[in-house]
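Text of input-v1.cif (mmCIF, N, CA and C atoms) as supplied:
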data_entry
loop_
_atom_site.label_atom_id
_atom_site.label_comp_id
_atom_site.auth_asym_id
_atom_site.auth_seq_id
_atom_site.Cartn_x
_atom_site.Cartn_y
_atom_site.Cartn_z
N MET A 45 3.04 -15.04 11.07
CA MET A 45 1.75 -14.58 10.58
C MET A 45 1.30 -15.43 9.41
N ALA A 46 -0.01 -15.63 9.33
CA ALA A 46 -0.56 -16.42 8.23
C ALA A 46 -0.47 -15.68 6.90
N SER A 47 -0.44 -14.36 6.93
CA SER A 47 -0.42 -13.60 5.68
C SER A 47 0.99 -13.46 5.09
N GLU A 48 2.00 -13.88 5.84
CA GLU A 48 3.36 -13.79 5.31
C GLU A 48 3.55 -14.83 4.21
N ARG A 49 4.27 -14.43 3.18
CA ARG A 49 4.54 -15.33 2.07
C ARG A 49 6.01 -15.71 2.06
N ASN A 50 6.27 -16.90 1.57
CA ASN A 50 7.65 -17.27 1.29
C ASN A 50 7.98 -16.60 -0.03
N SER A 51 8.93 -15.71 -0.03
CA SER A 51 9.28 -15.04 -1.28
C SER A 51 10.72 -15.31 -1.62
N GLN A 52 10.97 -15.34 -2.90
CA GLN A 52 12.31 -15.59 -3.40
C GLN A 52 12.51 -14.67 -4.58
N THR A 53 13.63 -14.01 -4.61
CA THR A 53 13.95 -13.14 -5.72
C THR A 53 14.66 -13.95 -6.80
N VAL A 54 14.15 -13.83 -8.02
CA VAL A 54 14.78 -14.52 -9.15
C VAL A 54 15.08 -13.48 -10.21
N SER A 55 16.08 -13.79 -11.02
CA SER A 55 16.43 -12.89 -12.09
C SER A 55 15.45 -13.05 -13.25
N PHE A 56 15.42 -12.08 -14.12
CA PHE A 56 14.59 -12.16 -15.31
C PHE A 56 14.99 -13.38 -16.13
N GLU A 57 16.29 -13.64 -16.21
CA GLU A 57 16.80 -14.78 -16.97
C GLU A 57 16.27 -16.09 -16.39
N GLU A 58 16.29 -16.23 -15.07
CA GLU A 58 15.79 -17.45 -14.43
C GLU A 58 14.29 -17.60 -14.66
N LEU A 59 13.56 -16.52 -14.59
CA LEU A 59 12.13 -16.55 -14.81
C LEU A 59 11.81 -16.93 -16.25
N ALA A 60 12.53 -16.34 -17.20
CA ALA A 60 12.32 -16.66 -18.61
C ALA A 60 12.63 -18.14 -18.88
N TYR A 61 13.70 -18.64 -18.28
CA TYR A 61 14.08 -20.04 -18.46
C TYR A 61 13.02 -20.98 -17.88
N SER A 62 12.52 -20.64 -16.70
CA SER A 62 11.49 -21.44 -16.06
C SER A 62 10.22 -21.44 -16.91
N ASN A 63 9.84 -20.29 -17.46
CA ASN A 63 8.67 -20.21 -18.33
C ASN A 63 8.86 -21.05 -19.59
N MET A 64 10.06 -21.00 -20.15
CA MET A 64 10.35 -21.78 -21.36
C MET A 64 10.20 -23.28 -21.08
N LEU A 65 10.74 -23.74 -19.96
CA LEU A 65 10.64 -25.15 -19.62
C LEU A 65 9.18 -25.56 -19.39
N THR A 66 8.42 -24.71 -18.74
CA THR A 66 7.02 -25.00 -18.49
C THR A 66 6.25 -25.11 -19.80
N LEU A 67 6.48 -24.18 -20.71
CA LEU A 67 5.80 -24.21 -22.01
C LEU A 67 6.21 -25.44 -22.82
N ASN A 68 7.50 -25.76 -22.79
CA ASN A 68 7.96 -26.96 -23.50
C ASN A 68 7.29 -28.22 -22.95
N ALA A 69 7.19 -28.30 -21.63
CA ALA A 69 6.56 -29.46 -21.02
C ALA A 69 5.09 -29.56 -21.42
N LEU A 70 4.40 -28.43 -21.42
CA LEU A 70 2.99 -28.44 -21.81
C LEU A 70 2.79 -28.88 -23.26
N VAL A 71 3.60 -28.34 -24.16
CA VAL A 71 3.50 -28.70 -25.57
C VAL A 71 3.80 -30.19 -25.75
N GLU A 72 4.84 -30.68 -25.09
CA GLU A 72 5.18 -32.09 -25.21
C GLU A 72 4.06 -32.99 -24.70
N LEU A 73 3.48 -32.64 -23.56
CA LEU A 73 2.40 -33.44 -23.01
C LEU A 73 1.17 -33.42 -23.91
N LEU A 74 0.82 -32.25 -24.43
CA LEU A 74 -0.35 -32.15 -25.30
C LEU A 74 -0.15 -32.91 -26.61
N THR A 75 1.08 -32.89 -27.13
CA THR A 75 1.34 -33.63 -28.37
C THR A 75 1.39 -35.13 -28.10
N GLU A 76 1.98 -35.54 -26.98
CA GLU A 76 2.03 -36.96 -26.63
C GLU A 76 0.64 -37.54 -26.47
N LYS A 77 -0.27 -36.74 -25.95
CA LYS A 77 -1.64 -37.20 -25.74
C LYS A 77 -2.50 -37.07 -27.00
N GLY A 78 -1.92 -36.52 -28.04
CA GLY A 78 -2.63 -36.38 -29.30
C GLY A 78 -3.65 -35.26 -29.32
N LEU A 79 -3.55 -34.34 -28.40
CA LEU A 79 -4.50 -33.23 -28.34
C LEU A 79 -4.13 -32.09 -29.29
N LEU A 80 -2.87 -31.91 -29.52
CA LEU A 80 -2.36 -30.88 -30.42
C LEU A 80 -1.14 -31.43 -31.14
N SER A 81 -0.88 -30.86 -32.31
CA SER A 81 0.38 -31.17 -32.99
C SER A 81 1.32 -29.99 -32.76
N LYS A 82 2.60 -30.26 -32.90
CA LYS A 82 3.57 -29.17 -32.75
C LYS A 82 3.33 -28.11 -33.82
N GLN A 83 2.89 -28.54 -35.00
CA GLN A 83 2.59 -27.60 -36.08
C GLN A 83 1.47 -26.65 -35.68
N GLU A 84 0.43 -27.17 -35.01
CA GLU A 84 -0.67 -26.32 -34.56
C GLU A 84 -0.18 -25.28 -33.56
N VAL A 85 0.70 -25.69 -32.68
CA VAL A 85 1.25 -24.77 -31.69
C VAL A 85 2.07 -23.68 -32.38
N LEU A 86 2.93 -24.09 -33.32
CA LEU A 86 3.75 -23.11 -34.03
C LEU A 86 2.89 -22.13 -34.82
N GLU A 87 1.83 -22.63 -35.45
CA GLU A 87 0.93 -21.75 -36.19
C GLU A 87 0.27 -20.73 -35.27
N ARG A 88 -0.13 -21.17 -34.09
CA ARG A 88 -0.76 -20.25 -33.14
C ARG A 88 0.25 -19.22 -32.62
N VAL A 89 1.47 -19.64 -32.38
CA VAL A 89 2.51 -18.71 -31.95
C VAL A 89 2.71 -17.63 -33.01
N LYS A 90 2.81 -18.04 -34.27
CA LYS A 90 2.97 -17.08 -35.36
C LYS A 90 1.79 -16.13 -35.43
N GLN A 91 0.59 -16.66 -35.24
CA GLN A 91 -0.62 -15.84 -35.27
C GLN A 91 -0.59 -14.79 -34.14
N LEU A 92 -0.22 -15.22 -32.96
CA LEU A 92 -0.16 -14.30 -31.83
C LEU A 92 0.94 -13.25 -32.01
N GLN A 93 2.07 -13.67 -32.58
CA GLN A 93 3.14 -12.72 -32.85
C GLN A 93 2.68 -11.66 -33.84
N ALA A 94 1.97 -12.08 -34.86
CA ALA A 94 1.49 -11.13 -35.87
C ALA A 94 0.50 -10.16 -35.23
N GLN A 95 -0.40 -10.65 -34.38
CA GLN A 95 -1.36 -9.78 -33.70
C GLN A 95 -0.64 -8.78 -32.79
N THR A 96 0.38 -9.25 -32.09
CA THR A 96 1.13 -8.38 -31.20
C THR A 96 1.85 -7.29 -31.99
N GLN A 97 2.43 -7.65 -33.12
CA GLN A 97 3.11 -6.68 -33.97
C GLN A 97 2.13 -5.63 -34.49
N LEU A 98 0.93 -6.05 -34.88
CA LEU A 98 -0.07 -5.10 -35.35
C LEU A 98 -0.47 -4.14 -34.24
N LYS A 99 -0.65 -4.64 -33.04
CA LYS A 99 -1.00 -3.78 -31.91
C LYS A 99 0.12 -2.79 -31.61
N LYS A 100 1.37 -3.26 -31.66
CA LYS A 100 2.51 -2.37 -31.41
C LYS A 100 2.54 -1.26 -32.44
N ARG A 101 2.35 -1.62 -33.71
CA ARG A 101 2.35 -0.62 -34.78
C ARG A 101 1.21 0.36 -34.60
N HIS A 102 0.05 -0.15 -34.25
CA HIS A 102 -1.12 0.68 -34.07
C HIS A 102 -0.89 1.67 -32.92
N ASN A 103 -0.33 1.18 -31.80
CA ASN A 103 -0.07 2.03 -30.64
C ASN A 103 1.05 3.03 -30.89
N SER A 104 2.03 2.67 -31.70
CA SER A 104 3.15 3.58 -31.97
C SER A 104 2.75 4.71 -32.89
N CYS A 105 1.58 4.60 -33.51
CA CYS A 105 1.09 5.66 -34.42
C CYS A 105 0.26 6.69 -33.66
N GLY A 106 0.30 6.65 -32.33
CA GLY A 106 -0.43 7.63 -31.54
C GLY A 106 -1.86 7.23 -31.26
N ASN A 107 -2.21 5.99 -31.45
CA ASN A 107 -3.58 5.52 -31.24
C ASN A 107 -3.68 4.69 -29.96
N LYS A 108 -3.09 5.16 -28.89
CA LYS A 108 -3.03 4.37 -27.66
C LYS A 108 -4.38 4.28 -26.95
N GLY A 109 -5.31 5.15 -27.27
CA GLY A 109 -6.58 5.12 -26.60
C GLY A 109 -7.54 4.11 -27.15
N SER A 110 -7.25 3.49 -28.29
CA SER A 110 -8.21 2.53 -28.86
C SER A 110 -7.85 1.11 -28.62
#
For the file at hand, write its structure as structure tokens.
Amino acid sequence: MASERNSQTVSFEELAYSNMLTLNALVELLTEKGLLSKQEVLERVKQLQAQTQLKKRHNSCGNKGS
């Protein structure tokens, strides 16, 4: 059937490792091309982590509807 997919089961660990390699490759390519610096990427990661922590705190205070 045309709608059948090739599927493969992977562990969470394998998926996380694959994602890490993909992100590393993207950062390396962007820095090699001079589009971003590693410092810019690290700053954005920290910014996103801080936003995520604020959302977690906000949601844990019983404000899940906002």
Secondary structure check, helix (DSSP H, G or I) residues of chain A, as a ChimeraX atom specification = /A:56-76,82-104
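In this model, the gap between CA of Leu74 (chain A) and atom N of Leu92 (chain A) comes to 18.6 Å.
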Distance of atom C of Leu70 (chain A) from CA of Lys82 (chain A), expressed in Å to one decimal place =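 That distance, rounded to one decimal, is 9.5 Å.
In this model, the gap between atom C of Asn68 (chain A) and atom N of Lys90 (chain A) comes to 15.9 Å.
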